[in-house]
Amino acid sequence: MTNLAVPALGTFADVAAYMRGVGEAARAAARVLARADTAAKDRALAAMAAAIRRDEAKLLAANAEDVASARAAGHDAAFVDRLTLTPTSIAAMAEGLEQIVALPDPVGEISEMRFRPTGIQVGMMRVPLGVVGIVYESRPNVTADAAGLCLKAGNATILRGGSEAIRSNTAIAACVHEGLRAAGLPEAAVQVVATTDRAAVGHLIADEKHVDVIVPRGGKSLTERIAREAKVPVIKHLDGVCHVFVDAAADVDMAVRIADNAKTQRYSPCNTMETLLVHAAIAPRVLPPLAAIYAAKGVELRGCERSRSLVPAMKPAAEEDWSTEYLAPILSIRIVDSLDEAIDHIAKYGSQHTDAIVTNDHAAAMRFLREVDSSSVMVNASTRFADGFEFGLGAEIGISTNKLHARGPVGLEGLTSRKWIVLGSGQVQA
């Protein structure tokens, strides 16, 4: 029987051999998880959450070392923000795992059963994907989120975090393994790659024998590299060029509140607004008060000529601003003359991530929902809600702008697939 222990890096002479061992252990663990009952998975998740809460001080101490190293290496503020753990974010990790416990287990769900003229019953069964490889940068919370979601969906997971978060990820993984042991599940069900050698990524994304899907969580260059080089299917998004469109029929106070929150609640997440579109009919009532709020918060505004005529302090926007994901206190603003013009702008410059409309016109809202081709489309709500936790998924393994298999925040259902099943009573083909 294949060893279900987590391979030790020192066991192997080179990275290729080590990663092959990781893949073999994950594949074996995935077979165990595929038959694990819901109660065992939930016990593991609850024990993981309890260990994370108990070890808050250890996690903060490990993370402080990572943050200090990242700052010393010259990483920018957005990078450091994504890397940093706080008591609040640690509590959120534990709460996310506890929410996953409360979610229905999708594995084994049978649907769409129907009789055929031959007497057989044909339907669909939801099953795990198998082994999920996750390559991520700077976000240590991904270690817990991904472990929890993959486990509940019956998948083994291989986690390859960035070198900048190795101490944080290792400390969180210790809590995860404690939970797996408490439930009698193999530790190899969740493996954090022990080497920071970049070659490990290349081996992971090419391991078609042991890995079923790759999820990149990081900057655009990382995601582009994985999409370009992977032999394993990839669930991904590249940019988060998110828009809020303030329609002519918007409530002004609501529009100001949403546009403020969508940009300034946090600057580094991929669901933060990067371009504000405002209908010309309402712009004189919306832009001046918004500009004052942004100025007080230190947000640099870059606008079209019409926007600058209302807010002269605004810098002129260049063509590349409309397609830029700033991840910083910078915002592009454009005045448009119609809903059609707003939708055309989003189609041309957007990244199919998250876009919102503020309006009291039901017909305009429905058109926006139908015609904007993004993974999350919102009416009268901040783009910051495009998140697995906020959508009730417990947590998310990432955001997908793919159109096949999974789209938007990827939770339990996105980590499973369906297969055909047939139930007969002795039928044979004529």
# chains A, B, ... in the order shown; residues from 1 in each chain; ligands from 1
$ residues_around --residues "Ala34 (chain A)" --least-positions-apart "4" --cutoff "10 Å" --atoms "only C-alpha atoms" --output "list in words"
Ala29, Ala30, Val107, Gly108, Val127, Pro128, Leu129, Gly130, Leu151, Lys152, Ala153, Gly154, Asn155 and Ala156 of chain A
$ write_last_selection --atoms "C-alpha atoms" --output "PDB file, in the first residue's frame"
ATOM      1  CA  ALA A  29      -4.785  10.082   0.539  1.00  0.00           C
ATOM      2  CA  ALA A  30      -7.393  11.200  -1.997  1.00  0.00           C
ATOM      3  CA  VAL A 107     -19.937  14.298  -2.064  1.00  0.00           C
ATOM      4  CA  GLY A 108     -22.174  11.426  -3.118  1.00  0.00           C
ATOM      5  CA  VAL A 127     -17.738  13.322  -6.653  1.00  0.00           C
ATOM      6  CA  PRO A 128     -14.400  14.852  -5.557  1.00  0.00           C
ATOM      7  CA  LEU A 129     -11.961  16.143  -8.159  1.00  0.00           C
ATOM      8  CA  GLY A 130      -9.190  14.102  -6.491  1.00  0.00           C
ATOM      9  CA  LEU A 151     -11.170  18.226   2.787  1.00  0.00           C
ATOM     10  CA  LYS A 152     -14.945  18.716   2.994  1.00  0.00           C
ATOM     11  CA  ALA A 153     -15.201  18.165  -0.773  1.00  0.00           C
ATOM     12  CA  GLY A 154     -13.244  14.921  -0.419  1.00  0.00           C
ATOM     13  CA  ASN A 155     -10.042  16.106  -2.088  1.00  0.00           C
ATOM     14  CA  ALA A 156      -6.420  15.825  -1.069  1.00  0.00           C
TER      15      ALA A 156
END
$ closest_atom_pairs --of "region 239-288 of chain A" --to "region 197-220 of chain A" --cutoff "12 Å" --atoms "only C-alpha atoms" --output "tab-separated table"
residue	atom	partner	partner_atom	distance
A:Asp239	CA	A:Lys220	CA	6.6
A:Gly240	CA	A:Lys220	CA	9.7
A:Val241	CA	A:Lys220	CA	11.9
A:Ser268	CA	A:Gly219	CA	11.1
A:Pro269	CA	A:Gly218	CA	10.7
A:Cys270	CA	A:Gly219	CA	9.9
$ residues_around --residues "Lys41 (chain A)" --least-positions-apart "2" --cutoff "9 Å" --atoms "only C-alpha atoms" --output "ChimeraX atom specification"
/A:33,36-39,43-46,101,151-152,154,180,183,185
$ closest_residue --among "A:Ala165, A:Ala73, A:Ser111, A:Val234" --to "Leu85 (chain A)" --atoms "only C-alpha atoms"
A:Ala165
$ atom_distance --atom1 "CA of Gly133 (chain A)" --atom2 "CA of Ile235 (chain A)"
10.3 Å
$ closest_atom_pairs --of "region 128-246 of chain A" --to "region 387-399 of chain A" --cutoff "7 Å" --atoms "only C-alpha atoms" --output "tab-separated table"
residue	atom	partner	partner_atom	distance
A:Asp145	CA	A:Ala395	CA	5.8
A:Ala146	CA	A:Ile397	CA	5.2
A:Arg217	CA	A:Gly398	CA	6.6
A:Lys236	CA	A:Ile399	CA	6.7
A:His237	CA	A:Ile399	CA	6.3
$ closest_residue --among "A:Leu59, A:Val80, A:Val311, A:Cys150" --to "Gly414 (chain A)" --atoms "only C-alpha atoms"
A:Cys150
$ select_by_dssp --residues "region 321-386 of chain A" --states "strand (DSSP E or B)" --output "list in words"
Ile330, Leu331, Ser332, Ile333, Arg334, Ile335, Val336, Thr354, Asp355, Ala356, Ile357, Val358, Ser376, Val377, Met378 and Val379 of chain A
$ select_by_dssp --residues "region 95-315 of chain A" --states "helix (DSSP H, G or I)" --output "PyMOL selection string"
chain A and resi 95-102+141-152+163-182+187-189+199-205+220-229+252-264+283-296+305-310
$ write_last_selection --atoms "C-alpha atoms" --output "PDB file, in the first residue's frame"
ATOM      1  CA  GLU A  95     -14.634  30.686  11.737  1.00  0.00           C
ATOM      2  CA  GLY A  96     -14.319  29.804   8.052  1.00  0.00           C
ATOM      3  CA  LEU A  97     -13.488  26.208   8.967  1.00  0.00           C
ATOM      4  CA  GLU A  98     -16.427  26.104  11.377  1.00  0.00           C
ATOM      5  CA  GLN A  99     -18.731  27.413   8.665  1.00  0.00           C
ATOM      6  CA  ILE A 100     -17.534  24.648   6.351  1.00  0.00           C
ATOM      7  CA  VAL A 101     -18.541  22.116   9.022  1.00  0.00           C
ATOM      8  CA  ALA A 102     -22.066  23.541   8.896  1.00  0.00           C
ATOM      9  CA  ASN A 141      -4.958  32.277   5.294  1.00  0.00           C
ATOM     10  CA  VAL A 142      -5.141  30.279   2.043  1.00  0.00           C
ATOM     11  CA  THR A 143      -3.469  27.406   3.888  1.00  0.00           C
ATOM     12  CA  ALA A 144      -6.451  26.961   6.210  1.00  0.00           C
ATOM     13  CA  ASP A 145      -9.149  27.954   3.714  1.00  0.00           C
ATOM     14  CA  ALA A 146      -7.906  25.570   1.027  1.00  0.00           C
ATOM     15  CA  ALA A 147      -7.307  22.722   3.459  1.00  0.00           C
ATOM     16  CA  GLY A 148     -10.834  23.019   4.833  1.00  0.00           C
ATOM     17  CA  LEU A 149     -12.643  23.320   1.530  1.00  0.00           C
ATOM     18  CA  CYS A 150     -10.674  20.558  -0.173  1.00  0.00           C
ATOM     19  CA  LEU A 151     -11.170  18.226   2.787  1.00  0.00           C
ATOM     20  CA  LYS A 152     -14.945  18.716   2.994  1.00  0.00           C
ATOM     21  CA  SER A 163       8.892  31.559   0.390  1.00  0.00           C
ATOM     22  CA  GLU A 164       7.851  34.840   2.032  1.00  0.00           C
ATOM     23  CA  ALA A 165       5.145  33.008   4.062  1.00  0.00           C
ATOM     24  CA  ILE A 166       6.890  29.714   4.772  1.00  0.00           C
ATOM     25  CA  ARG A 167       6.911  30.159   8.577  1.00  0.00           C
ATOM     26  CA  SER A 168       3.235  31.184   8.685  1.00  0.00           C
ATOM     27  CA  ASN A 169       2.134  28.395   6.364  1.00  0.00           C
ATOM     28  CA  THR A 170       4.085  25.761   8.295  1.00  0.00           C
ATOM     29  CA  ALA A 171       2.550  26.897  11.605  1.00  0.00           C
ATOM     30  CA  ILE A 172      -0.982  26.795  10.168  1.00  0.00           C
ATOM     31  CA  ALA A 173      -0.301  23.391   8.579  1.00  0.00           C
ATOM     32  CA  ALA A 174       0.630  22.015  12.016  1.00  0.00           C
ATOM     33  CA  CYS A 175      -2.887  22.921  13.206  1.00  0.00           C
ATOM     34  CA  VAL A 176      -4.385  21.324  10.097  1.00  0.00           C
ATOM     35  CA  HIS A 177      -2.461  18.078  10.612  1.00  0.00           C
ATOM     36  CA  GLU A 178      -3.527  17.986  14.249  1.00  0.00           C
ATOM     37  CA  GLY A 179      -7.134  18.103  13.095  1.00  0.00           C
ATOM     38  CA  LEU A 180      -6.614  15.326  10.551  1.00  0.00           C
ATOM     39  CA  ARG A 181      -5.011  13.090  13.178  1.00  0.00           C
ATOM     40  CA  ALA A 182      -7.869  13.754  15.602  1.00  0.00           C
ATOM     41  CA  GLU A 187      -1.904  13.789   7.214  1.00  0.00           C
ATOM     42  CA  ALA A 188      -0.994  13.484   3.533  1.00  0.00           C
ATOM     43  CA  ALA A 189      -4.506  14.719   2.767  1.00  0.00           C
ATOM     44  CA  ALA A 199      11.457  24.210  -9.393  1.00  0.00           C
ATOM     45  CA  ALA A 200       8.834  22.611  -7.139  1.00  0.00           C
ATOM     46  CA  VAL A 201       6.124  24.653  -8.851  1.00  0.00           C
ATOM     47  CA  GLY A 202       7.162  23.387 -12.273  1.00  0.00           C
ATOM     48  CA  HIS A 203       6.990  19.778 -11.115  1.00  0.00           C
ATOM     49  CA  LEU A 204       3.609  20.291  -9.419  1.00  0.00           C
ATOM     50  CA  ILE A 205       1.847  21.900 -12.396  1.00  0.00           C
ATOM     51  CA  LYS A 220      -0.580  38.245 -12.457  1.00  0.00           C
ATOM     52  CA  SER A 221       2.916  37.034 -13.377  1.00  0.00           C
ATOM     53  CA  LEU A 222       2.499  33.872 -11.286  1.00  0.00           C
ATOM     54  CA  THR A 223      -0.918  33.109 -12.754  1.00  0.00           C
ATOM     55  CA  GLU A 224       0.251  33.768 -16.315  1.00  0.00           C
ATOM     56  CA  ARG A 225       3.214  31.456 -15.827  1.00  0.00           C
ATOM     57  CA  ILE A 226       1.051  28.657 -14.490  1.00  0.00           C
ATOM     58  CA  ALA A 227      -1.578  29.071 -17.209  1.00  0.00           C
ATOM     59  CA  ARG A 228       1.171  28.984 -19.825  1.00  0.00           C
ATOM     60  CA  GLU A 229       3.219  26.063 -18.475  1.00  0.00           C
ATOM     61  CA  VAL A 252     -27.030  59.527  -4.497  1.00  0.00           C
ATOM     62  CA  ASP A 253     -26.354  58.684  -0.857  1.00  0.00           C
ATOM     63  CA  MET A 254     -26.285  54.967  -1.666  1.00  0.00           C
ATOM     64  CA  ALA A 255     -23.987  55.528  -4.631  1.00  0.00           C
ATOM     65  CA  VAL A 256     -21.519  57.542  -2.543  1.00  0.00           C
ATOM     66  CA  ARG A 257     -21.533  54.942   0.226  1.00  0.00           C
ATOM     67  CA  ILE A 258     -20.999  52.009  -2.149  1.00  0.00           C
ATOM     68  CA  ALA A 259     -18.326  53.720  -4.253  1.00  0.00           C
ATOM     69  CA  ASP A 260     -16.446  54.731  -1.103  1.00  0.00           C
ATOM     70  CA  ASN A 261     -16.557  51.214   0.359  1.00  0.00           C
ATOM     71  CA  ALA A 262     -15.727  49.453  -2.908  1.00  0.00           C
ATOM     72  CA  LYS A 263     -12.487  51.420  -3.147  1.00  0.00           C
ATOM     73  CA  THR A 264     -11.327  52.259   0.371  1.00  0.00           C
ATOM     74  CA  ALA A 283     -22.294  63.013 -12.053  1.00  0.00           C
ATOM     75  CA  PRO A 284     -22.595  66.627 -10.728  1.00  0.00           C
ATOM     76  CA  ARG A 285     -24.330  65.306  -7.592  1.00  0.00           C
ATOM     77  CA  VAL A 286     -22.106  62.244  -7.065  1.00  0.00           C
ATOM     78  CA  LEU A 287     -18.541  63.135  -7.988  1.00  0.00           C
ATOM     79  CA  PRO A 288     -17.871  66.233  -5.817  1.00  0.00           C
ATOM     80  CA  PRO A 289     -18.874  64.608  -2.506  1.00  0.00           C
ATOM     81  CA  LEU A 290     -17.082  61.385  -3.460  1.00  0.00           C
ATOM     82  CA  ALA A 291     -13.942  63.298  -4.423  1.00  0.00           C
ATOM     83  CA  ALA A 292     -13.941  64.951  -1.019  1.00  0.00           C
ATOM     84  CA  ILE A 293     -14.151  61.553   0.706  1.00  0.00           C
ATOM     85  CA  TYR A 294     -11.373  60.125  -1.452  1.00  0.00           C
ATOM     86  CA  ALA A 295      -9.167  63.170  -0.863  1.00  0.00           C
ATOM     87  CA  ALA A 296      -9.571  62.809   2.898  1.00  0.00           C
ATOM     88  CA  GLU A 305     -11.891  65.364 -19.178  1.00  0.00           C
ATOM     89  CA  ARG A 306     -15.560  65.513 -18.179  1.00  0.00           C
ATOM     90  CA  SER A 307     -14.777  64.159 -14.718  1.00  0.00           C
ATOM     91  CA  ARG A 308     -11.978  66.691 -14.298  1.00  0.00           C
ATOM     92  CA  SER A 309     -14.335  69.537 -15.175  1.00  0.00           C
ATOM     93  CA  LEU A 310     -16.330  68.610 -12.052  1.00  0.00           C
TER      94      LEU A 310
END
$ closest_residue --among "A:Val132, A:Ile330, A:Ala68, A:Val246" --to "Thr272 (chain A)" --atoms "only C-alpha atoms"
A:Ile330
$ residues_around --residues "Ala281 (chain A)" --least-positions-apart "6" --cutoff "9 Å" --atoms "only C-alpha atoms" --output "ChimeraX atom specification"
/A:247-249,337
$ closest_residue --among "A:Ala26, A:Met273, A:Ala342, A:Val379" --to "His362 (chain A)" --atoms "only C-alpha atoms"
A:Val379
$ atom_distance --atom1 "CA of Asn380 (chain A)" --atom2 "CA of Asp251 (chain A)"
9.5 Å
